[in-house]
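coords.pdb (PDB, C-alpha atoms)
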```pdb
ATOM      1  CA  MET A 147       0.000   0.000   0.000  1.00  0.00           C
ATOM      2  CA  ARG A 148       2.843   2.342   0.865  1.00  0.00           C
ATOM      3  CA  ASP A 149       4.446   1.744  -2.549  1.00  0.00           C
ATOM      4  CA  ILE A 150       1.205   2.624  -4.323  1.00  0.00           C
ATOM      5  CA  ILE A 151       0.927   5.937  -2.442  1.00  0.00           C
ATOM      6  CA  ARG A 152       4.616   6.730  -3.128  1.00  0.00           C
ATOM      7  CA  LEU A 153       4.226   5.968  -6.841  1.00  0.00           C
ATOM      8  CA  GLY A 154       1.033   8.050  -6.956  1.00  0.00           C
ATOM      9  CA  LEU A 155       2.829  11.027  -5.376  1.00  0.00           C
ATOM     10  CA  ILE A 156       5.754  10.690  -7.794  1.00  0.00           C
ATOM     11  CA  LEU A 157       3.336  10.596 -10.712  1.00  0.00           C
ATOM     12  CA  LEU A 158       1.509  13.638  -9.319  1.00  0.00           C
ATOM     13  CA  LEU A 159       4.812  15.529  -9.030  1.00  0.00           C
ATOM     14  CA  ILE A 160       5.858  14.620 -12.587  1.00  0.00           C
ATOM     15  CA  THR A 161       2.515  15.699 -14.060  1.00  0.00           C
ATOM     16  CA  ALA A 162       2.512  18.944 -12.036  1.00  0.00           C
ATOM     17  CA  VAL A 163       6.009  19.828 -13.322  1.00  0.00           C
ATOM     18  CA  ALA A 164       5.009  18.945 -16.904  1.00  0.00           C
ATOM     19  CA  ALA A 165       1.857  21.076 -16.629  1.00  0.00           C
ATOM     20  CA  ALA A 166       3.861  24.015 -15.271  1.00  0.00           C
ATOM     21  CA  VAL A 167       6.381  23.764 -18.135  1.00  0.00           C
ATOM     22  CA  LEU A 168       3.577  23.599 -20.721  1.00  0.00           C
ATOM     23  CA  ALA A 169       1.824  26.611 -19.169  1.00  0.00           C
ATOM     24  CA  TRP A 170       5.086  28.566 -19.230  1.00  0.00           C
ATOM     25  CA  ALA A 171       5.743  27.621 -22.876  1.00  0.00           C
ATOM     26  CA  ASN A 172       2.206  28.651 -23.819  1.00  0.00           C
ATOM     27  CA  ASP A 173       2.643  31.996 -22.068  1.00  0.00           C
ATOM     28  CA  VAL A 174       5.990  32.652 -23.779  1.00  0.00           C
ATOM     29  CA  THR A 175       4.759  31.787 -27.284  1.00  0.00           C
ATOM     30  CA  MET A 176       1.275  33.356 -27.122  1.00  0.00           C
ATOM     31  CA  GLU A 177       2.322  36.890 -28.086  1.00  0.00           C
ATOM     32  CA  PRO A 178       4.697  35.908 -30.960  1.00  0.00           C
ATOM     33  CA  ILE A 179       1.998  33.658 -32.422  1.00  0.00           C
ATOM     34  CA  ALA A 180      -0.588  36.458 -32.217  1.00  0.00           C
ATOM     35  CA  ASP A 181       1.901  38.813 -33.924  1.00  0.00           C
ATOM     36  CA  GLN A 182       2.457  36.302 -36.735  1.00  0.00           C
ATOM     37  CA  VAL A 183      -1.304  35.871 -37.266  1.00  0.00           C
ATOM     38  CA  LEU A 184      -1.733  39.658 -37.357  1.00  0.00           C
ATOM     39  CA  GLN A 185       1.092  40.035 -39.884  1.00  0.00           C
ATOM     40  CA  ALA A 186      -0.320  37.209 -42.041  1.00  0.00           C
ATOM     41  CA  ASN A 187      -3.714  38.978 -42.107  1.00  0.00           C
ATOM     42  CA  ILE A 188      -2.096  42.284 -43.094  1.00  0.00           C
ATOM     43  CA  THR A 189      -0.156  40.558 -45.871  1.00  0.00           C
ATOM     44  CA  ALA A 190      -3.324  38.799 -47.106  1.00  0.00           C
ATOM     45  CA  ARG A 191      -5.242  42.113 -47.163  1.00  0.00           C
ATOM     46  CA  GLN A 192      -2.481  43.785 -49.150  1.00  0.00           C
ATOM     47  CA  SER A 193      -2.295  40.881 -51.592  1.00  0.00           C
ATOM     48  CA  VAL A 194      -6.037  40.911 -52.390  1.00  0.00           C
ATOM     49  CA  LEU A 195      -6.441  44.707 -52.519  1.00  0.00           C
ATOM     50  CA  SER A 196      -3.073  46.030 -53.656  1.00  0.00           C
ATOM     51  CA  ASP A 197      -4.435  49.503 -54.499  1.00  0.00           C
ATOM     52  CA  ALA A 198      -4.991  50.231 -50.791  1.00  0.00           C
ATOM     53  CA  SER A 199      -2.175  51.698 -48.713  1.00  0.00           C
ATOM     54  CA  GLU A 200      -3.962  51.306 -45.370  1.00  0.00           C
ATOM     55  CA  PHE A 201      -6.860  49.341 -43.946  1.00  0.00           C
ATOM     56  CA  GLU A 202      -9.545  50.300 -41.461  1.00  0.00           C
ATOM     57  CA  GLU A 203     -11.543  47.647 -39.642  1.00  0.00           C
ATOM     58  CA  MET A 204     -15.294  47.969 -40.017  1.00  0.00           C
ATOM     59  CA  PRO A 205     -17.658  47.360 -37.087  1.00  0.00           C
ATOM     60  CA  THR A 206     -19.012  43.858 -36.679  1.00  0.00           C
ATOM     61  CA  ASP A 207     -22.606  45.033 -37.102  1.00  0.00           C
ATOM     62  CA  THR A 208     -21.692  45.665 -40.757  1.00  0.00           C
ATOM     63  CA  PHE A 209     -21.573  41.931 -41.374  1.00  0.00           C
ATOM     64  CA  ALA A 210     -23.690  40.543 -38.539  1.00  0.00           C
ATOM     65  CA  GLY A 211     -26.065  37.958 -39.921  1.00  0.00           C
ATOM     66  CA  TYR A 212     -23.831  36.978 -42.852  1.00  0.00           C
ATOM     67  CA  ALA A 213     -22.789  33.349 -42.541  1.00  0.00           C
ATOM     68  CA  ASN A 214     -19.069  32.592 -42.516  1.00  0.00           C
ATOM     69  CA  VAL A 215     -17.939  36.243 -42.605  1.00  0.00           C
ATOM     70  CA  LEU A 216     -15.235  36.833 -39.984  1.00  0.00           C
ATOM     71  CA  GLU A 217     -14.061  40.377 -40.648  1.00  0.00           C
ATOM     72  CA  VAL A 218     -14.377  43.284 -43.054  1.00  0.00           C
ATOM     73  CA  TYR A 219     -11.788  45.989 -43.668  1.00  0.00           C
ATOM     74  CA  LYS A 220     -12.133  49.151 -45.706  1.00  0.00           C
ATOM     75  CA  GLY A 221      -9.147  49.677 -48.012  1.00  0.00           C
ATOM     76  CA  LEU A 222      -7.993  53.301 -48.224  1.00  0.00           C
ATOM     77  CA  LYS A 223      -5.594  55.200 -50.435  1.00  0.00           C
ATOM     78  CA  ASP A 224      -4.989  58.893 -49.736  1.00  0.00           C
ATOM     79  CA  GLY A 225      -8.043  58.876 -47.464  1.00  0.00           C
ATOM     80  CA  GLN A 226     -10.365  57.571 -50.202  1.00  0.00           C
ATOM     81  CA  VAL A 227     -12.028  54.147 -50.110  1.00  0.00           C
ATOM     82  CA  VAL A 228     -10.663  51.979 -52.934  1.00  0.00           C
ATOM     83  CA  GLY A 229     -12.292  48.724 -51.879  1.00  0.00           C
ATOM     84  CA  TYR A 230     -12.967  46.199 -49.156  1.00  0.00           C
ATOM     85  CA  THR A 231     -11.328  43.040 -47.873  1.00  0.00           C
ATOM     86  CA  ILE A 232     -13.650  40.396 -46.523  1.00  0.00           C
ATOM     87  CA  LYS A 233     -12.439  37.324 -44.629  1.00  0.00           C
ATOM     88  CA  THR A 234     -14.689  34.261 -44.688  1.00  0.00           C
ATOM     89  CA  ASN A 235     -14.347  30.706 -43.371  1.00  0.00           C
ATOM     90  CA  PRO A 236     -16.493  28.294 -45.384  1.00  0.00           C
ATOM     91  CA  SER A 237     -16.379  24.577 -44.601  1.00  0.00           C
ATOM     92  CA  GLY A 238     -14.212  22.536 -46.925  1.00  0.00           C
ATOM     93  CA  TYR A 239     -13.531  18.812 -47.147  1.00  0.00           C
ATOM     94  CA  ALA A 240     -11.397  18.655 -43.983  1.00  0.00           C
ATOM     95  CA  GLY A 241     -12.690  21.670 -42.062  1.00  0.00           C
ATOM     96  CA  PRO A 242     -12.917  25.446 -42.311  1.00  0.00           C
ATOM     97  CA  ILE A 243     -10.931  27.276 -44.993  1.00  0.00           C
ATOM     98  CA  GLU A 244      -9.856  30.854 -44.358  1.00  0.00           C
ATOM     99  CA  VAL A 245     -10.535  32.884 -47.511  1.00  0.00           C
ATOM    100  CA  MET A 246      -9.691  36.599 -47.905  1.00  0.00           C
ATOM    101  CA  ILE A 247     -11.409  38.403 -50.785  1.00  0.00           C
ATOM    102  CA  GLY A 248     -10.645  41.887 -52.091  1.00  0.00           C
ATOM    103  CA  ILE A 249     -13.386  43.780 -53.938  1.00  0.00           C
ATOM    104  CA  SER A 250     -12.828  47.243 -55.420  1.00  0.00           C
ATOM    105  CA  VAL A 251     -15.385  50.045 -55.075  1.00  0.00           C
ATOM    106  CA  ASP A 252     -16.393  49.488 -58.699  1.00  0.00           C
ATOM    107  CA  GLY A 253     -17.460  45.913 -57.868  1.00  0.00           C
ATOM    108  CA  VAL A 254     -14.572  43.894 -59.296  1.00  0.00           C
ATOM    109  CA  ILE A 255     -12.810  41.089 -57.430  1.00  0.00           C
ATOM    110  CA  GLN A 256      -9.191  42.184 -57.120  1.00  0.00           C
ATOM    111  CA  GLY A 257      -7.850  39.040 -55.507  1.00  0.00           C
ATOM    112  CA  VAL A 258      -8.472  35.966 -53.386  1.00  0.00           C
ATOM    113  CA  SER A 259      -6.110  34.579 -50.767  1.00  0.00           C
ATOM    114  CA  VAL A 260      -6.490  31.192 -49.094  1.00  0.00           C
ATOM    115  CA  GLY A 261      -5.096  31.134 -45.561  1.00  0.00           C
ATOM    116  CA  ASN A 262      -5.337  28.498 -42.834  1.00  0.00           C
ATOM    117  CA  HIS A 263      -6.943  25.230 -43.859  1.00  0.00           C
ATOM    118  CA  SER A 264      -6.759  21.483 -43.273  1.00  0.00           C
ATOM    119  CA  GLU A 265      -7.349  20.355 -46.841  1.00  0.00           C
ATOM    120  CA  THR A 266      -5.643  17.287 -48.278  1.00  0.00           C
ATOM    121  CA  PRO A 267      -2.071  17.994 -49.454  1.00  0.00           C
ATOM    122  CA  GLY A 268      -1.784  17.601 -53.220  1.00  0.00           C
ATOM    123  CA  LEU A 269      -5.536  17.939 -53.727  1.00  0.00           C
ATOM    124  CA  GLY A 270      -7.561  20.494 -51.750  1.00  0.00           C
ATOM    125  CA  ALA A 271      -4.402  22.290 -50.657  1.00  0.00           C
ATOM    126  CA  LYS A 272      -4.026  23.389 -54.298  1.00  0.00           C
ATOM    127  CA  ALA A 273      -6.696  26.007 -53.529  1.00  0.00           C
ATOM    128  CA  SER A 274      -3.917  28.263 -52.255  1.00  0.00           C
ATOM    129  CA  GLU A 275      -2.019  28.028 -55.552  1.00  0.00           C
ATOM    130  CA  ASP A 276      -2.190  30.914 -58.031  1.00  0.00           C
ATOM    131  CA  GLN A 277      -3.507  28.691 -60.831  1.00  0.00           C
ATOM    132  CA  PHE A 278      -6.751  28.185 -58.890  1.00  0.00           C
ATOM    133  CA  LYS A 279      -7.260  31.384 -56.911  1.00  0.00           C
ATOM    134  CA  ASN A 280      -6.353  33.741 -59.780  1.00  0.00           C
ATOM    135  CA  GLN A 281      -9.472  32.533 -61.623  1.00  0.00           C
ATOM    136  CA  TYR A 282     -11.509  34.875 -59.406  1.00  0.00           C
ATOM    137  CA  ASN A 283      -9.492  37.968 -60.329  1.00  0.00           C
ATOM    138  CA  ASP A 284     -11.353  40.574 -62.388  1.00  0.00           C
ATOM    139  CA  LYS A 285     -14.718  38.812 -62.019  1.00  0.00           C
ATOM    140  CA  LYS A 286     -17.651  41.157 -61.441  1.00  0.00           C
ATOM    141  CA  ALA A 287     -19.060  41.058 -57.906  1.00  0.00           C
ATOM    142  CA  GLU A 288     -22.612  41.070 -59.214  1.00  0.00           C
ATOM    143  CA  GLY A 289     -23.958  37.574 -58.690  1.00  0.00           C
ATOM    144  CA  GLN A 290     -22.972  34.113 -57.591  1.00  0.00           C
ATOM    145  CA  ILE A 291     -19.895  32.445 -59.032  1.00  0.00           C
ATOM    146  CA  ASP A 292     -20.377  28.805 -60.026  1.00  0.00           C
ATOM    147  CA  VAL A 293     -17.891  25.931 -60.101  1.00  0.00           C
ATOM    148  CA  ILE A 294     -17.571  23.774 -63.219  1.00  0.00           C
ATOM    149  CA  LYS A 295     -15.479  20.627 -63.583  1.00  0.00           C
ATOM    150  CA  ALA A 296     -14.263  21.170 -67.140  1.00  0.00           C
ATOM    151  CA  GLY A 297     -14.690  23.297 -70.205  1.00  0.00           C
ATOM    152  CA  THR A 298     -14.365  26.983 -70.834  1.00  0.00           C
ATOM    153  CA  PRO A 299     -15.660  29.012 -67.888  1.00  0.00           C
ATOM    154  CA  LYS A 300     -18.140  31.802 -68.467  1.00  0.00           C
ATOM    155  CA  ASP A 301     -17.790  35.176 -66.754  1.00  0.00           C
ATOM    156  CA  ASN A 302     -19.435  33.851 -63.591  1.00  0.00           C
ATOM    157  CA  GLU A 303     -17.658  30.455 -63.465  1.00  0.00           C
ATOM    158  CA  ILE A 304     -14.367  28.981 -62.341  1.00  0.00           C
ATOM    159  CA  ILE A 305     -12.904  25.531 -62.992  1.00  0.00           C
ATOM    160  CA  SER A 306     -12.622  23.273 -59.946  1.00  0.00           C
ATOM    161  CA  ILE A 307      -9.419  21.666 -58.761  1.00  0.00           C
ATOM    162  CA  SER A 308      -9.281  18.148 -60.192  1.00  0.00           C
ATOM    163  CA  GLY A 309     -10.138  15.713 -57.392  1.00  0.00           C
ATOM    164  CA  ALA A 310     -11.020  18.501 -54.965  1.00  0.00           C
ATOM    165  CA  THR A 311     -14.447  19.713 -56.000  1.00  0.00           C
ATOM    166  CA  ILE A 312     -15.580  20.096 -52.375  1.00  0.00           C
ATOM    167  CA  THR A 313     -12.670  22.436 -51.636  1.00  0.00           C
ATOM    168  CA  SER A 314     -13.284  24.382 -54.852  1.00  0.00           C
ATOM    169  CA  ARG A 315     -16.951  24.808 -53.940  1.00  0.00           C
ATOM    170  CA  ALA A 316     -16.019  25.845 -50.390  1.00  0.00           C
ATOM    171  CA  VAL A 317     -13.635  28.586 -51.547  1.00  0.00           C
ATOM    172  CA  THR A 318     -16.274  29.742 -54.029  1.00  0.00           C
ATOM    173  CA  ALA A 319     -18.866  29.778 -51.231  1.00  0.00           C
ATOM    174  CA  GLY A 320     -16.552  32.114 -49.310  1.00  0.00           C
ATOM    175  CA  VAL A 321     -16.187  34.353 -52.347  1.00  0.00           C
ATOM    176  CA  ASN A 322     -19.960  34.309 -52.896  1.00  0.00           C
ATOM    177  CA  ALA A 323     -20.540  35.295 -49.245  1.00  0.00           C
ATOM    178  CA  ALA A 324     -18.208  38.265 -49.778  1.00  0.00           C
ATOM    179  CA  ILE A 325     -20.022  39.239 -52.989  1.00  0.00           C
ATOM    180  CA  GLN A 326     -23.381  39.093 -51.216  1.00  0.00           C
ATOM    181  CA  LEU A 327     -22.095  41.222 -48.328  1.00  0.00           C
ATOM    182  CA  TYR A 328     -20.566  43.733 -50.742  1.00  0.00           C
ATOM    183  CA  ASN A 329     -23.790  44.093 -52.723  1.00  0.00           C
ATOM    184  CA  GLU A 330     -26.110  44.272 -49.711  1.00  0.00           C
ATOM    185  CA  ALA A 331     -24.116  46.278 -47.172  1.00  0.00           C
ATOM    186  CA  LEU A 332     -20.977  47.875 -48.631  1.00  0.00           C
ATOM    187  CA  LYS A 333     -21.806  49.044 -52.163  1.00  0.00           C
TER     188      LYS A 333
END
```

What do you get writing this file as structure tokens?
Amino acid sequence: MRDIIRLGLILLLITAVAAAVLAWANDVTMEPIADQVLQANITARQSVLSDASEFEEMPTDTFAGYANVLEVYKGLKDGQVVGYTIKTNPSGYAGPIEVMIGISVDGVIQGVSVGNHSETPGLGAKASEDQFKNQYNDKKAEGQIDVIKAGTPKDNEIISISGATITSRAVTAGVNAAIQLYNEALK
């Protein structure tokens, strides 16, 4: 019985030390990780709305009620609004996909950036490659964009990633959510 209590106390001590070390490591890395996420968001905004020199966060009531919309920023250049960046998180094959969309004030998609995701490497992960995401560039933000599997896309269509139609539809759902928000609340 004494051995069981001694072993239990040793195990308690080991787990307490391990928990303290993990808490310390979490505390030390929390701020650098938050800084990296912030910098990644700034870089994504600049990549999808390159005409803007600064960005101003819009209040959450601007996009309250819009599914999958996480944040909206107004893009400014010399104090004038040149467009908006809208971050969405539609559900893909393996979980949420972070999609940043830039729309100019004249209603044209300037760029799409795919951020954090858990999509399958070699398939759904191709959504972050230029060959896929550049298909959205210069499309009018007037109506829904559709996904086709093959052929020549029309003005409101993009071609899906081969073998990753769910991911392609998810990214497009994020873009469509941004288009809807732009037309209903930002235009």

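The neighbours of Pro205 of chain A here are the residues that come within 12 Å of it, using only C-alpha atoms and leaving out any residue fewer than 3 positions away in the same chain; they are Glu202, Thr208, Phe209, Ala210, Leu216, Glu217, Val218, Tyr219 and Lys220 of chain A.
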
Run the PyMOL selection byres ((chain A and resi 225-228) around 10) mentally over the shown coordinates, then write out the matched residues as a PDB file with C-alpha atoms, in the coordinates of the input, using the chain letters and numbers from the document.
```pdb
ATOM      1  CA  LEU A 195      -6.441  44.707 -52.519  1.00  0.00           C
ATOM      2  CA  SER A 196      -3.073  46.030 -53.656  1.00  0.00           C
ATOM      3  CA  ASP A 197      -4.435  49.503 -54.499  1.00  0.00           C
ATOM      4  CA  ALA A 198      -4.991  50.231 -50.791  1.00  0.00           C
ATOM      5  CA  SER A 199      -2.175  51.698 -48.713  1.00  0.00           C
ATOM      6  CA  GLU A 200      -3.962  51.306 -45.370  1.00  0.00           C
ATOM      7  CA  PHE A 201      -6.860  49.341 -43.946  1.00  0.00           C
ATOM      8  CA  GLU A 202      -9.545  50.300 -41.461  1.00  0.00           C
ATOM      9  CA  LYS A 220     -12.133  49.151 -45.706  1.00  0.00           C
ATOM     10  CA  GLY A 221      -9.147  49.677 -48.012  1.00  0.00           C
ATOM     11  CA  LEU A 222      -7.993  53.301 -48.224  1.00  0.00           C
ATOM     12  CA  LYS A 223      -5.594  55.200 -50.435  1.00  0.00           C
ATOM     13  CA  ASP A 224      -4.989  58.893 -49.736  1.00  0.00           C
ATOM     14  CA  GLY A 229     -12.292  48.724 -51.879  1.00  0.00           C
ATOM     15  CA  TYR A 230     -12.967  46.199 -49.156  1.00  0.00           C
ATOM     16  CA  ILE A 249     -13.386  43.780 -53.938  1.00  0.00           C
ATOM     17  CA  SER A 250     -12.828  47.243 -55.420  1.00  0.00           C
ATOM     18  CA  VAL A 251     -15.385  50.045 -55.075  1.00  0.00           C
ATOM     19  CA  ASP A 252     -16.393  49.488 -58.699  1.00  0.00           C
TER      20      ASP A 252
END
```

Legend entry - the PyMOL selection byres ((chain A and resi 319) around 9) applied to the shown file, residues as number ranges by chain: A: 234, 236-237, 290-292, 314-318, 320-324

Inset, instruction - Pull out every residue that the PyMOL selection byres ((chain A and resi 304) around 9) matches in the shown coordinates and put them as a VMD selection string. - result: chain A and resid 278 281 to 282 291 to 295 298 to 303 305 to 306 314 318

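Nearest residue to Leu269 of chain A, choosing from A:Gly248, A:Pro178, A:Gly309, A:Gly297 and counting all atoms listed in the file: A:Gly309.
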
Quick one: what's the axis-aligned box for segment 247-255 of chain A, all listed atoms, 4 Å on every side, centre and edges in Å to one decimal, as JSON?
```
{"center_x": -14.1, "center_y": 44.2, "center_z": -55.0, "size_x": 14.8, "size_y": 19.6, "size_z": 16.5}
```

Legend entry - All residues 6 Å or closer to segment 184-194 of chain A, all atoms listed in the file, same chain fewer than 2 positions away omitted, as an MDAnalysis selection string: chainID A and resid 181:182 196 248 256:258

Inset, instruction - May I have the protein, DNA and RNA residues with any atom at most 12 Å from the point (-13.8, 16.6, -44.5), counting all atoms listed in the file, written as a list in words? - result: Ser237, Gly238, Tyr239, Ala240, Gly241, Pro242, Ile243, His263, Ser264, Glu265, Thr266, Gly270, Ala310, Thr311, Ile312, Thr313 and Ala316 of chain A

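Closest approach to Ser274 of chain A from the set A:Ala287, A:Met176, A:Val254, A:Met246 is made by A:Met246, with distances taken over all atoms listed in the file.
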
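Of the listed residues (A:Ala296, A:Ile247, A:Ala180, A:Ala273), A:Ile247 comes nearest to Tyr328 of chain A; the distances count only C-alpha atoms.
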
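Counting all atoms listed in the file, the residue from A:Ile255, A:Ile179, A:Ala164, A:Ile307 that sits nearest to Thr231 of chain A is A:Ile255.
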
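Atom CA of Ser308 of chain A lies 24.7 Å from atom CA of Ile325 of chain A.
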
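The shortest atom-to-atom distance to Gly253 of chain A, with only C-alpha atoms taken into account, belongs to A:Lys333 out of A:Asn283, A:Lys333, A:Ile156, A:Leu327.
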
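Here atom CA of Asn280 of chain A is placed at a distance of 16.5 Å from atom CA of Ile232 of chain A.
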
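Atom to atom, atom CA of Lys285 of chain A and atom CA of Ala213 of chain A stand 21.8 Å apart.
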
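Distance annotation: of A:Val174, A:Tyr212, A:Gly261, A:Ala169, the residue with the minimal separation from Glu330 of chain A is A:Tyr212; atom set is all atoms listed in the file.
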